[in-house]
$ cat start.pdb   # PDB, C-alpha atoms and all ligand atoms
ATOM      1  CA  MET A   1      97.583 -59.508  42.070
ATOM      2  CA  VAL A   2      98.271 -57.586  38.834
ATOM      3  CA  LEU A   3      94.613 -57.817  37.944
ATOM      4  CA  MET A   4      93.480 -56.603  41.359
ATOM      5  CA  THR A   5      95.834 -53.627  41.174
ATOM      6  CA  ALA A   6      94.570 -52.825  37.725
ATOM      7  CA  LEU A   7      90.969 -53.028  38.923
ATOM      8  CA  LEU A   8      91.700 -50.886  41.943
ATOM      9  CA  LEU A   9      93.422 -48.270  39.843
ATOM     10  CA  ALA A  10      90.608 -48.300  37.350
ATOM     11  CA  SER A  11      87.967 -47.848  40.019
ATOM     12  CA  CYS A  12      89.919 -45.130  41.807
ATOM     13  CA  GLY A  13      90.575 -43.365  38.534
ATOM     14  CA  GLY A  14      86.945 -43.695  37.578
ATOM     15  CA  LYS A  15      85.769 -42.300  40.860
ATOM     16  CA  ALA A  16      88.142 -39.340  40.815
ATOM     17  CA  GLU A  17      87.228 -38.474  37.282
ATOM     18  CA  GLY A  18      83.537 -38.665  38.082
ATOM     19  CA  ALA A  19      83.889 -36.330  41.049
ATOM     20  CA  GLU A  20      85.952 -33.873  39.094
ATOM     21  CA  GLY A  21      83.585 -34.042  36.161
ATOM     22  CA  ASP A  22      80.569 -33.249  38.355
ATOM     23  CA  GLN A  23      82.351 -30.412  40.085
ATOM     24  CA  SER A  24      83.645 -28.717  36.973
ATOM     25  CA  GLN A  25      80.123 -28.736  35.559
ATOM     26  CA  ARG A  26      78.786 -26.800  38.487
ATOM     27  CA  MET A  27      81.763 -24.821  39.795
ATOM     28  CA  ARG A  28      82.227 -21.362  38.341
ATOM     29  CA  PHE A  29      85.641 -19.742  38.391
ATOM     30  CA  VAL A  30      86.333 -16.035  38.442
ATOM     31  CA  THR A  31      89.678 -14.264  38.473
ATOM     32  CA  ILE A  32      90.448 -10.948  40.148
ATOM     33  CA  GLY A  33      93.227  -8.859  38.606
ATOM     34  CA  THR A  34      95.346  -7.292  41.345
ATOM     35  CA  GLY A  35      98.805  -5.685  41.178
ATOM     36  CA  GLY A  36     102.363  -6.561  42.128
ATOM     37  CA  LEU A  37     103.333  -8.846  45.000
ATOM     38  CA  THR A  38     104.485  -5.969  47.241
ATOM     39  CA  GLY A  39     101.403  -3.752  46.789
ATOM     40  CA  VAL A  40      98.055  -3.858  48.577
ATOM     41  CA  TYR A  41      95.924  -4.923  45.590
ATOM     42  CA  TYR A  42      97.378  -8.405  45.771
ATOM     43  CA  PRO A  43      96.447  -9.012  49.428
ATOM     44  CA  ALA A  44      93.147  -7.172  48.813
ATOM     45  CA  GLY A  45      92.300  -9.607  46.012
ATOM     46  CA  GLY A  46      93.379 -12.431  48.294
ATOM     47  CA  ALA A  47      91.055 -11.157  51.032
ATOM     48  CA  ILE A  48      88.096 -11.011  48.632
ATOM     49  CA  SER A  49      88.730 -14.499  47.286
ATOM     50  CA  ARG A  50      89.263 -15.951  50.765
ATOM     51  CA  THR A  51      85.996 -14.423  51.965
ATOM     52  CA  VAL A  52      84.036 -15.752  48.989
ATOM     53  CA  ASN A  53      85.738 -19.132  48.817
ATOM     54  CA  LYS A  54      84.695 -19.980  52.378
ATOM     55  CA  LYS A  55      81.294 -20.753  50.871
ATOM     56  CA  GLN A  56      82.679 -22.270  47.690
ATOM     57  CA  SER A  57      80.455 -25.349  47.807
ATOM     58  CA  GLU A  58      77.321 -23.379  48.709
ATOM     59  CA  TYR A  59      77.697 -20.975  45.791
ATOM     60  CA  ASN A  60      79.706 -23.209  43.410
ATOM     61  CA  LEU A  61      81.940 -20.256  42.955
ATOM     62  CA  LYS A  62      85.686 -20.087  43.280
ATOM     63  CA  ALA A  63      87.645 -16.851  43.026
ATOM     64  CA  THR A  64      91.354 -16.728  42.306
ATOM     65  CA  VAL A  65      93.719 -13.794  42.012
ATOM     66  CA  GLU A  66      96.259 -12.841  39.401
ATOM     67  CA  PHE A  67      99.313 -10.578  39.676
ATOM     68  CA  THR A  68      99.117  -7.772  37.135
ATOM     69  CA  GLY A  69     100.648  -4.397  36.333
ATOM     70  CA  GLY A  70      97.753  -2.622  38.126
ATOM     71  CA  SER A  71      94.702  -0.468  37.433
ATOM     72  CA  VAL A  72      94.979   0.230  33.719
ATOM     73  CA  PHE A  73      95.812  -3.368  32.912
ATOM     74  CA  ASN A  74      92.956  -4.600  35.128
ATOM     75  CA  ILE A  75      90.311  -2.346  33.586
ATOM     76  CA  ASN A  76      91.384  -3.362  30.075
ATOM     77  CA  ALA A  77      91.434  -7.062  30.986
ATOM     78  CA  VAL A  78      87.953  -6.826  32.548
ATOM     79  CA  MET A  79      86.667  -5.021  29.443
ATOM     80  CA  SER A  80      88.121  -7.649  27.096
ATOM     81  CA  GLY A  81      86.669 -10.465  29.215
ATOM     82  CA  ASP A  82      90.098 -11.884  30.131
ATOM     83  CA  LEU A  83      89.351 -11.213  33.815
ATOM     84  CA  GLU A  84      85.974 -11.052  35.561
ATOM     85  CA  PHE A  85      87.066  -8.596  38.250
ATOM     86  CA  GLY A  86      89.860  -6.126  38.739
ATOM     87  CA  ILE A  87      91.038  -3.702  41.371
ATOM     88  CA  ALA A  88      91.502  -0.204  40.003
ATOM     89  CA  GLN A  89      92.125   3.288  41.331
ATOM     90  CA  SER A  90      89.016   5.468  41.560
ATOM     91  CA  ASP A  91      90.603   8.032  39.190
ATOM     92  CA  ARG A  92      91.187   5.285  36.638
ATOM     93  CA  GLN A  93      87.609   4.030  37.002
ATOM     94  CA  PHE A  94      86.439   7.589  36.310
ATOM     95  CA  GLN A  95      88.737   8.109  33.323
ATOM     96  CA  ALA A  96      87.815   4.766  31.718
ATOM     97  CA  MET A  97      84.126   5.516  32.207
ATOM     98  CA  GLU A  98      84.406   9.022  30.764
ATOM     99  CA  GLY A  99      86.814   8.177  27.940
ATOM    100  CA  MET A 100      89.772  10.150  29.285
ATOM    101  CA  ALA A 101      93.532   9.609  29.718
ATOM    102  CA  GLU A 102      94.420   6.097  28.433
ATOM    103  CA  TRP A 103      90.816   5.766  27.193
ATOM    104  CA  GLU A 104      90.682   9.164  25.456
ATOM    105  CA  GLY A 105      87.719   9.128  23.067
ATOM    106  CA  ASN A 106      86.965   5.518  23.981
ATOM    107  CA  PRO A 107      84.597   5.416  26.989
ATOM    108  CA  GLN A 108      84.241   1.962  28.511
ATOM    109  CA  ASP A 109      80.456   1.640  28.566
ATOM    110  CA  LYS A 110      80.445  -1.836  30.068
ATOM    111  CA  LEU A 111      82.605  -0.911  33.045
ATOM    112  CA  ARG A 112      80.738  -1.482  36.314
ATOM    113  CA  ALA A 113      81.612  -0.636  39.904
ATOM    114  CA  VAL A 114      81.248  -3.164  42.707
ATOM    115  CA  CYS A 115      82.539  -1.143  45.669
ATOM    116  CA  ALA A 116      85.380   1.029  46.908
ATOM    117  CA  LEU A 117      88.128  -0.429  49.054
ATOM    118  CA  HIS A 118      91.097   1.151  50.915
ATOM    119  CA  PRO A 119      92.484   4.655  50.370
ATOM    120  CA  GLU A 120      95.680   4.930  48.335
ATOM    121  CA  SER A 121      98.242   7.721  48.599
ATOM    122  CA  VAL A 122     100.383   9.051  45.784
ATOM    123  CA  THR A 123     103.660   8.088  47.445
ATOM    124  CA  LEU A 124     107.098   9.414  46.546
ATOM    125  CA  ILE A 125     109.922   7.321  47.973
ATOM    126  CA  ALA A 126     113.486   8.605  47.624
ATOM    127  CA  ALA A 127     116.990   7.648  48.655
ATOM    128  CA  ALA A 128     118.065   9.887  51.547
ATOM    129  CA  ASP A 129     121.416  10.509  49.794
ATOM    130  CA  ALA A 130     119.776  11.829  46.602
ATOM    131  CA  GLY A 131     118.976  15.296  47.936
ATOM    132  CA  ILE A 132     115.250  15.031  47.326
ATOM    133  CA  ASP A 133     113.143  16.953  49.855
ATOM    134  CA  SER A 134     110.318  17.959  47.571
ATOM    135  CA  ILE A 135     108.912  16.944  44.232
ATOM    136  CA  GLU A 136     110.737  19.854  42.551
ATOM    137  CA  ASP A 137     114.039  18.245  43.575
ATOM    138  CA  LEU A 138     113.308  15.376  41.165
ATOM    139  CA  LYS A 139     114.645  17.511  38.302
ATOM    140  CA  GLY A 140     117.349  15.545  36.505
ATOM    141  CA  LYS A 141     116.906  12.503  38.774
ATOM    142  CA  ARG A 142     116.297   8.888  37.826
ATOM    143  CA  VAL A 143     112.719   8.163  38.837
ATOM    144  CA  ASN A 144     110.510   5.129  38.289
ATOM    145  CA  ILE A 145     107.043   6.433  37.481
ATOM    146  CA  GLY A 146     105.591   2.945  36.858
ATOM    147  CA  ASP A 147     104.667   0.797  33.888
ATOM    148  CA  PRO A 148     101.912   1.659  31.393
ATOM    149  CA  GLY A 149      99.542  -0.916  32.965
ATOM    150  CA  SER A 150      99.743   0.791  36.332
ATOM    151  CA  GLY A 151      97.479   3.411  37.784
ATOM    152  CA  ASN A 152     100.374   5.232  39.436
ATOM    153  CA  ARG A 153     102.119   6.205  36.185
ATOM    154  CA  GLY A 154      99.383   8.765  35.426
ATOM    155  CA  ASN A 155      99.466  10.106  39.009
ATOM    156  CA  ALA A 156     103.229  10.528  38.801
ATOM    157  CA  ILE A 157     102.901  12.448  35.535
ATOM    158  CA  ASP A 158     100.173  14.690  37.047
ATOM    159  CA  ALA A 159     102.182  15.305  40.231
ATOM    160  CA  LEU A 160     105.303  16.197  38.252
ATOM    161  CA  SER A 161     103.475  18.543  35.925
ATOM    162  CA  ASN A 162     101.757  20.176  38.913
ATOM    163  CA  ALA A 163     105.268  20.930  40.183
ATOM    164  CA  GLY A 164     106.256  22.345  36.792
ATOM    165  CA  LEU A 165     108.216  19.284  35.660
ATOM    166  CA  ASP A 166     107.796  17.504  32.343
ATOM    167  CA  TRP A 167     108.227  13.764  32.916
ATOM    168  CA  GLU A 168     109.720  13.287  29.450
ATOM    169  CA  SER A 169     112.361  15.995  29.556
ATOM    170  CA  ASP A 170     112.929  17.136  33.161
ATOM    171  CA  ILE A 171     113.564  13.770  34.815
ATOM    172  CA  GLN A 172     115.142  10.504  33.721
ATOM    173  CA  ALA A 173     111.963   8.466  33.821
ATOM    174  CA  GLU A 174     111.947   4.696  34.191
ATOM    175  CA  GLN A 175     108.679   2.948  33.403
ATOM    176  CA  VAL A 176     108.996  -0.425  35.066
ATOM    177  CA  LYS A 177     106.583  -2.244  37.380
ATOM    178  CA  ALA A 178     106.327  -0.972  40.938
ATOM    179  CA  VAL A 179     107.338  -4.384  42.248
ATOM    180  CA  GLU A 180     110.881  -3.687  40.936
ATOM    181  CA  SER A 181     111.184  -0.226  42.502
ATOM    182  CA  ALA A 182     112.457  -1.032  46.001
ATOM    183  CA  LYS A 183     115.298  -3.156  44.647
ATOM    184  CA  LEU A 184     116.221  -0.598  41.980
ATOM    185  CA  LEU A 185     116.399   2.059  44.705
ATOM    186  CA  GLN A 186     118.518  -0.116  46.987
ATOM    187  CA  ASP A 187     120.830  -1.037  44.074
ATOM    188  CA  GLY A 188     121.394   2.648  43.307
ATOM    189  CA  ARG A 189     119.817   2.353  39.874
ATOM    190  CA  ILE A 190     117.104   4.924  40.596
ATOM    191  CA  ASP A 191     116.951   7.899  43.004
ATOM    192  CA  ALA A 192     113.235   7.772  43.683
ATOM    193  CA  TYR A 193     109.939   6.152  42.703
ATOM    194  CA  PHE A 194     106.261   6.949  42.661
ATOM    195  CA  TYR A 195     103.706   4.432  43.856
ATOM    196  CA  THR A 196      99.994   5.069  44.373
ATOM    197  CA  VAL A 197      99.278   2.531  47.061
ATOM    198  CA  GLY A 198      97.641   1.737  50.409
ATOM    199  CA  HIS A 199      99.741   1.766  53.585
ATOM    200  CA  PRO A 200     101.466  -0.142  55.003
ATOM    201  CA  ASN A 201     102.700  -2.063  51.970
ATOM    202  CA  GLY A 202     105.507  -4.458  51.146
ATOM    203  CA  SER A 203     107.166  -2.141  48.644
ATOM    204  CA  VAL A 204     107.880   0.689  51.110
ATOM    205  CA  LYS A 205     108.810  -1.878  53.787
ATOM    206  CA  GLU A 206     111.300  -3.444  51.381
ATOM    207  CA  ALA A 207     112.659  -0.048  50.310
ATOM    208  CA  THR A 208     113.158   1.110  53.916
ATOM    209  CA  ALA A 209     114.667  -2.175  55.115
ATOM    210  CA  GLY A 210     117.842  -2.045  53.031
ATOM    211  CA  LYS A 211     121.302  -0.552  53.528
ATOM    212  CA  ARG A 212     120.597   2.642  51.577
ATOM    213  CA  LYS A 213     118.609   5.021  53.766
ATOM    214  CA  VAL A 214     115.226   5.897  52.315
ATOM    215  CA  LYS A 215     112.537   8.474  53.061
ATOM    216  CA  ILE A 216     108.998   9.266  52.017
ATOM    217  CA  VAL A 217     108.869  12.739  50.470
ATOM    218  CA  PRO A 218     105.820  14.965  51.077
ATOM    219  CA  ILE A 219     103.850  16.177  48.058
ATOM    220  CA  THR A 220     102.458  19.644  48.826
ATOM    221  CA  ASP A 221     100.840  22.515  46.912
ATOM    222  CA  VAL A 222      98.188  20.245  45.445
ATOM    223  CA  ASP A 223      95.128  22.520  45.893
ATOM    224  CA  GLU A 224      95.049  23.413  42.208
ATOM    225  CA  LEU A 225      95.477  19.748  41.214
ATOM    226  CA  ILE A 226      92.588  18.720  43.464
ATOM    227  CA  ARG A 227      90.415  21.498  42.016
ATOM    228  CA  THR A 228      91.150  20.267  38.488
ATOM    229  CA  TYR A 229      90.705  16.579  39.294
ATOM    230  CA  PRO A 230      87.988  16.078  41.929
ATOM    231  CA  PHE A 231      88.892  12.406  42.346
ATOM    232  CA  TYR A 232      92.039  13.477  44.234
ATOM    233  CA  ALA A 233      91.923  14.236  47.979
ATOM    234  CA  LYS A 234      94.612  15.134  50.511
ATOM    235  CA  SER A 235      96.017  12.291  52.595
ATOM    236  CA  VAL A 236      98.608  11.526  55.255
ATOM    237  CA  ILE A 237     101.014   8.593  55.479
ATOM    238  CA  PRO A 238     101.701   7.803  59.171
ATOM    239  CA  ALA A 239     105.472   7.672  59.748
ATOM    240  CA  SER A 240     104.915   5.033  62.425
ATOM    241  CA  LEU A 241     104.122   2.473  59.704
ATOM    242  CA  TYR A 242     107.735   2.545  58.500
ATOM    243  CA  PRO A 243     109.975   2.917  61.567
ATOM    244  CA  THR A 244     113.216   2.570  59.552
ATOM    245  CA  ALA A 245     112.327   5.352  57.087
ATOM    246  CA  GLU A 246     114.278   8.613  57.480
ATOM    247  CA  ASN A 247     111.166  10.607  58.348
ATOM    248  CA  ASP A 248     110.610  12.733  61.433
ATOM    249  CA  GLY A 249     106.862  12.878  61.247
ATOM    250  CA  ASP A 250     103.799  11.933  59.208
ATOM    251  CA  VAL A 251     104.009  12.648  55.497
ATOM    252  CA  VAL A 252     101.402  14.791  53.763
ATOM    253  CA  THR A 253     100.402  13.969  50.219
ATOM    254  CA  TYR A 254      97.183  13.272  48.311
ATOM    255  CA  GLY A 255      95.495  10.231  46.900
ATOM    256  CA  VAL A 256      92.620   8.226  45.527
ATOM    257  CA  LYS A 257      90.785   5.054  46.492
ATOM    258  CA  ALA A 258      91.162   1.494  45.372
ATOM    259  CA  THR A 259      87.919   0.140  43.908
ATOM    260  CA  LEU A 260      86.649  -3.230  42.735
ATOM    261  CA  VAL A 261      85.369  -3.185  39.156
ATOM    262  CA  THR A 262      83.759  -5.675  36.814
ATOM    263  CA  SER A 263      81.959  -5.809  33.472
ATOM    264  CA  ALA A 264      78.232  -5.591  32.726
ATOM    265  CA  ASP A 265      78.726  -9.015  31.065
ATOM    266  CA  VAL A 266      79.578 -10.799  34.337
ATOM    267  CA  PRO A 267      76.463 -12.657  35.616
ATOM    268  CA  GLU A 268      74.399 -10.857  38.231
ATOM    269  CA  ASP A 269      74.374 -13.695  40.766
ATOM    270  CA  ILE A 270      78.183 -13.891  40.793
ATOM    271  CA  VAL A 271      78.602 -10.168  41.496
ATOM    272  CA  TYR A 272      75.760 -10.313  44.041
ATOM    273  CA  THR A 273      77.428 -13.175  45.906
ATOM    274  CA  ILE A 274      80.828 -11.499  46.044
ATOM    275  CA  THR A 275      79.369  -8.165  47.167
ATOM    276  CA  LYS A 276      77.213  -9.805  49.802
ATOM    277  CA  GLU A 277      79.978 -11.961  51.256
ATOM    278  CA  VAL A 278      82.404  -9.031  51.522
ATOM    279  CA  PHE A 279      79.818  -6.693  53.085
ATOM    280  CA  GLU A 280      78.257  -9.232  55.445
ATOM    281  CA  ASN A 281      81.676 -10.327  56.689
ATOM    282  CA  LEU A 282      83.219  -6.878  56.766
ATOM    283  CA  GLU A 283      84.704  -7.171  60.273
ATOM    284  CA  ASP A 284      86.610 -10.352  59.343
ATOM    285  CA  PHE A 285      87.487  -8.886  55.952
ATOM    286  CA  LYS A 286      88.996  -5.784  57.586
ATOM    287  CA  GLY A 287      91.232  -8.022  59.670
ATOM    288  CA  LEU A 288      92.895  -9.372  56.533
ATOM    289  CA  HIS A 289      94.952  -6.223  55.841
ATOM    290  CA  PRO A 290      95.825  -3.184  58.001
ATOM    291  CA  SER A 291      94.915  -0.716  55.236
ATOM    292  CA  PHE A 292      91.310  -1.992  55.407
ATOM    293  CA  ALA A 293      90.939  -0.759  59.001
ATOM    294  CA  VAL A 294      89.133   2.419  57.904
ATOM    295  CA  LEU A 295      86.536   0.644  55.759
ATOM    296  CA  THR A 296      82.842   1.041  56.529
ATOM    297  CA  LYS A 297      79.854  -0.124  54.513
ATOM    298  CA  GLU A 298      79.099   3.540  53.840
ATOM    299  CA  ASN A 299      82.550   4.642  52.666
ATOM    300  CA  MET A 300      82.774   1.576  50.425
ATOM    301  CA  LEU A 301      80.012   3.246  48.414
ATOM    302  CA  GLU A 302      82.043   6.443  47.971
ATOM    303  CA  GLY A 303      84.512   6.994  45.147
ATOM    304  CA  ASN A 304      82.820   4.949  42.453
ATOM    305  CA  SER A 305      81.930   6.712  39.217
ATOM    306  CA  ALA A 306      80.904   3.857  36.918
ATOM    307  CA  PRO A 307      77.333   2.605  37.421
ATOM    308  CA  TYR A 308      77.048  -0.175  40.001
ATOM    309  CA  HIS A 309      76.810  -3.646  38.533
ATOM    310  CA  ALA A 310      73.240  -4.985  38.798
ATOM    311  CA  GLY A 311      74.406  -7.714  41.199
ATOM    312  CA  ALA A 312      76.069  -5.214  43.544
ATOM    313  CA  MET A 313      73.044  -2.899  43.326
ATOM    314  CA  LYS A 314      70.721  -5.770  44.231
ATOM    315  CA  TYR A 315      72.696  -6.375  47.419
ATOM    316  CA  PHE A 316      72.947  -2.659  48.336
ATOM    317  CA  LYS A 317      69.173  -2.251  48.031
ATOM    318  CA  GLU A 318      68.485  -5.436  49.947
ATOM    319  CA  ALA A 319      70.837  -4.307  52.733
ATOM    320  CA  GLY A 320      69.261  -0.834  52.807
ATOM    321  CA  LEU A 321      72.558   0.831  51.852
ATOM    322  CA  ILE A 322      70.963   2.393  48.777
ATOM    323  CA  SER A 323      67.278   3.245  48.820
ATOM    324  CA  GLU A 324      64.996   1.999  46.059
TER     325      GLU A 324
HETATM  326  N1  LIG A 401      97.517   1.677  42.578
HETATM  327  C1  LIG A 401      98.441   0.817  41.901
HETATM  328  C2  LIG A 401      98.052   0.705  40.447
HETATM  329  O1  LIG A 401      96.936   0.814  40.095
HETATM  330  C3  LIG A 401      98.513  -0.573  42.487
HETATM  331  C4  LIG A 401      98.722  -0.571  43.963
HETATM  332  C5  LIG A 401      98.724  -1.932  44.607
HETATM  333  O2  LIG A 401      99.029  -2.943  43.953
HETATM  334  O3  LIG A 401      98.393  -1.971  45.796
HETATM  335  O4  LIG A 401      98.882   0.471  39.621
END

$ encode --input "start.pdb" --output "structure tokens"
Amino acid sequence: MVLMTALLLASCGGKAEGAEGDQSQRMRFVTIGTGGLTGVYYPAGGAISRTVNKKQSEYNLKATVEFTGGSVFNINAVMSGDLEFGIAQSDRQFQAMEGMAEWEGNPQDKLRAVCALHPESVTLIAAADAGIDSIEDLKGKRVNIGDPGSGNRGNAIDALSNAGLDWESDIQAEQVKAVESAKLLQDGRIDAYFYTVGHPNGSVKEATAGKRKVKIVPITDVDELIRTYPFYAKSVIPASLYPTAENDGDVVTYGVKATLVTSADVPEDIVYTITKEVFENLEDFKGLHPSFAVLTKENMLEGNSAPYHAGAMKYFKEAGLISE
């Protein structure tokens, strides 16, 4: 009896090990850096990995996602090889490529674009009791602009300076991750927060679902800002997405696009496979998050400034989306 059990265990163990051993030799793993749990990058990364992983055994490729601080963190992690893919704002892709902002004097030559994803709006969320009707009203207020790994921190700084406010001296700036913002607002520890994000998202839902009444504040007078930074474009946040927000109508602001980036060092066939699966299954992919509804194969090729990765380019040419 003891012997039989031992034999059984040994054979089972042997078998399992063998199978695992074979698989790990062939299976390739890639990780996509996303954002916080209540943003759109996280479900966007989930949608990409779900789409690709459906054919896991065919391609021997498995994608997983990681929570991160956002765009700046993701670009840096992709450049250092810690992550194979990352989601990053189009303005951040441009700045990293050109050696601007966080990458001043240090252009990221190996940064490669895969495609653009959903539009993101520079969103200002404020407590209704804080007397904030415009960005100028942020003077002296406690505002979370986002952590240094985020893309939104730079947008918040630009938006404030466009309104004549210095983020270091005119407001009481917090620099914590966006995922904390809704709770900080509800707990009365901040008056407002900036988040550059697709809509609808969990953060604004969480912020507008609490006891403290919350509204989305329009950001206007951005013509000059858009002229200076061509990666910005005007946008509108539909009020209907957040029925419990204290807003009478749609909110005007401006924004960027989320994009998928990688490194020139990531193998061509991996990037090709991911690009192809997302593009060929676009209708299903769009169903995975409401902010993807506006995506088309054509607009997914707009907003990228880094060169396309060779694997993405191969697919775009094959599909006739980019001519030879
Ligand atoms: N745009 C934000 C950032 O780069 C992240 C938004 C999200 O997670 O959806 O920091």

$ closest_residue --input "start.pdb" --among "A:Lys215, A:Lys62, A:Lys234, A:Arg92" --to "ligand LIG 401 (chain A)" --atoms "all atoms listed in the file"
A:Arg92

$ closest_atom_pairs --input "start.pdb" --of "chain A" --to "ligand LIG 401 (chain A)" --cutoff "9 Å" --atoms "only C-alpha atoms and all ligand atoms" --output "JSON lines"
{"residue": "A:Thr34", "atom": "CA", "partner": "A:LIG401", "partner_atom": "O2", "distance": 6.3}
{"residue": "A:Gly35", "atom": "CA", "partner": "A:LIG401", "partner_atom": "O2", "distance": 3.9}
{"residue": "A:Gly36", "atom": "CA", "partner": "A:LIG401", "partner_atom": "O2", "distance": 5.2}
{"residue": "A:Leu37", "atom": "CA", "partner": "A:LIG401", "partner_atom": "O2", "distance": 7.4}
{"residue": "A:Thr38", "atom": "CA", "partner": "A:LIG401", "partner_atom": "O2", "distance": 7.1}
{"residue": "A:Gly39", "atom": "CA", "partner": "A:LIG401", "partner_atom": "O3", "distance": 3.6}
{"residue": "A:Val40", "atom": "CA", "partner": "A:LIG401", "partner_atom": "O3", "distance": 3.4}
{"residue": "A:Tyr41", "atom": "CA", "partner": "A:LIG401", "partner_atom": "O3", "distance": 3.9}
{"residue": "A:Tyr42", "atom": "CA", "partner": "A:LIG401", "partner_atom": "O2", "distance": 6.0}
{"residue": "A:Pro43", "atom": "CA", "partner": "A:LIG401", "partner_atom": "O3", "distance": 8.2}
{"residue": "A:Ala44", "atom": "CA", "partner": "A:LIG401", "partner_atom": "O3", "distance": 8.0}
{"residue": "A:Phe67", "atom": "CA", "partner": "A:LIG401", "partner_atom": "O2", "distance": 8.8}
{"residue": "A:Thr68", "atom": "CA", "partner": "A:LIG401", "partner_atom": "O2", "distance": 8.4}
{"residue": "A:Gly69", "atom": "CA", "partner": "A:LIG401", "partner_atom": "O4", "distance": 6.1}
{"residue": "A:Gly70", "atom": "CA", "partner": "A:LIG401", "partner_atom": "O4", "distance": 3.6}
{"residue": "A:Ser71", "atom": "CA", "partner": "A:LIG401", "partner_atom": "O1", "distance": 3.7}
{"residue": "A:Val72", "atom": "CA", "partner": "A:LIG401", "partner_atom": "O1", "distance": 6.7}
{"residue": "A:Phe73", "atom": "CA", "partner": "A:LIG401", "partner_atom": "O4", "distance": 8.3}
{"residue": "A:Asn74", "atom": "CA", "partner": "A:LIG401", "partner_atom": "O1", "distance": 8.4}
{"residue": "A:Ile87", "atom": "CA", "partner": "A:LIG401", "partner_atom": "O1", "distance": 7.5}
{"residue": "A:Ala88", "atom": "CA", "partner": "A:LIG401", "partner_atom": "O1", "distance": 5.5}
{"residue": "A:Gln89", "atom": "CA", "partner": "A:LIG401", "partner_atom": "O1", "distance": 5.5}
{"residue": "A:Arg92", "atom": "CA", "partner": "A:LIG401", "partner_atom": "O1", "distance": 8.1}
{"residue": "A:Glu120", "atom": "CA", "partner": "A:LIG401", "partner_atom": "N1", "distance": 6.9}
{"residue": "A:Ser121", "atom": "CA", "partner": "A:LIG401", "partner_atom": "N1", "distance": 8.6}
{"residue": "A:Val122", "atom": "CA", "partner": "A:LIG401", "partner_atom": "N1", "distance": 8.5}
{"residue": "A:Gly146", "atom": "CA", "partner": "A:LIG401", "partner_atom": "O4", "distance": 7.7}
{"residue": "A:Asp147", "atom": "CA", "partner": "A:LIG401", "partner_atom": "O4", "distance": 8.2}
{"residue": "A:Pro148", "atom": "CA", "partner": "A:LIG401", "partner_atom": "O4", "distance": 8.8}
{"residue": "A:Gly149", "atom": "CA", "partner": "A:LIG401", "partner_atom": "O4", "distance": 6.8}
{"residue": "A:Ser150", "atom": "CA", "partner": "A:LIG401", "partner_atom": "O4", "distance": 3.4}
{"residue": "A:Gly151", "atom": "CA", "partner": "A:LIG401", "partner_atom": "O1", "distance": 3.5}
{"residue": "A:Asn152", "atom": "CA", "partner": "A:LIG401", "partner_atom": "O4", "distance": 5.0}
{"residue": "A:Arg153", "atom": "CA", "partner": "A:LIG401", "partner_atom": "O4", "distance": 7.4}
{"residue": "A:Lys177", "atom": "CA", "partner": "A:LIG401", "partner_atom": "O4", "distance": 8.5}
{"residue": "A:Ala178", "atom": "CA", "partner": "A:LIG401", "partner_atom": "O4", "distance": 7.7}
{"residue": "A:Val179", "atom": "CA", "partner": "A:LIG401", "partner_atom": "O2", "distance": 8.6}
{"residue": "A:Tyr195", "atom": "CA", "partner": "A:LIG401", "partner_atom": "C1", "distance": 6.7}
{"residue": "A:Thr196", "atom": "CA", "partner": "A:LIG401", "partner_atom": "N1", "distance": 4.6}
{"residue": "A:Val197", "atom": "CA", "partner": "A:LIG401", "partner_atom": "C4", "distance": 4.4}
{"residue": "A:Gly198", "atom": "CA", "partner": "A:LIG401", "partner_atom": "O3", "distance": 6.0}
{"residue": "A:His199", "atom": "CA", "partner": "A:LIG401", "partner_atom": "O3", "distance": 8.7}
{"residue": "A:Asn201", "atom": "CA", "partner": "A:LIG401", "partner_atom": "O3", "distance": 7.5}
{"residue": "A:Val256", "atom": "CA", "partner": "A:LIG401", "partner_atom": "N1", "distance": 8.7}
{"residue": "A:Lys257", "atom": "CA", "partner": "A:LIG401", "partner_atom": "N1", "distance": 8.5}
{"residue": "A:Ala258", "atom": "CA", "partner": "A:LIG401", "partner_atom": "N1", "distance": 6.9}

$ resolve_selection --input "start.pdb" --expression "the PyMOL selection byres (((chain A and resi 305) around 8) and not hetatm)" --output "CSV table (one decimal) with C-alpha atoms, keeping the file's coordinate frame"
chain,number,residue,atom,x,y,z
A,90,SER,CA,89.0,5.5,41.6
A,93,GLN,CA,87.6,4.0,37.0
A,94,PHE,CA,86.4,7.6,36.3
A,97,MET,CA,84.1,5.5,32.2
A,113,ALA,CA,81.6,-0.6,39.9
A,303,GLY,CA,84.5,7.0,45.1
A,304,ASN,CA,82.8,4.9,42.5
A,306,ALA,CA,80.9,3.9,36.9
A,307,PRO,CA,77.3,2.6,37.4

$ resolve_selection --input "start.pdb" --expression "the PyMOL selection byres (((chain A and resi 269) around 10) and not hetatm)" --output "PyMOL selection string"
chain A and resi 59+266-268+270-275+310-312+314

$ residues_around --input "start.pdb" --residues "Ser49 (chain A)" --least-positions-apart "2" --cutoff "10 Å" --atoms "only C-alpha atoms" --output "PyMOL selection string"
chain A and resi 30-32+43-47+51-54+56+61-65+274+277-278

$ resolve_selection --input "start.pdb" --expression "the PyMOL selection byres (((chain A and resi 262) around 7) and not hetatm)" --output "PyMOL selection string"
chain A and resi 78+84-86+111-114+261+263-264

$ atom_distance --input "start.pdb" --atom1 "CA of Ile157 (chain A)" --atom2 "CA of Gln175 (chain A)"
11.3 Å

$ atom_distance --input "start.pdb" --atom1 "CA of Gly210 (chain A)" --atom2 "CA of Gln186 (chain A)"
6.4 Å

$ residues_near_point --input "start.pdb" --point "(111.5, 5.2, 43.7)" --cutoff "9 Å" --atoms "only C-alpha atoms" --output "ChimeraX atom specification"
/A:124-127,142-145,178,181-182,184-185,190-195,207
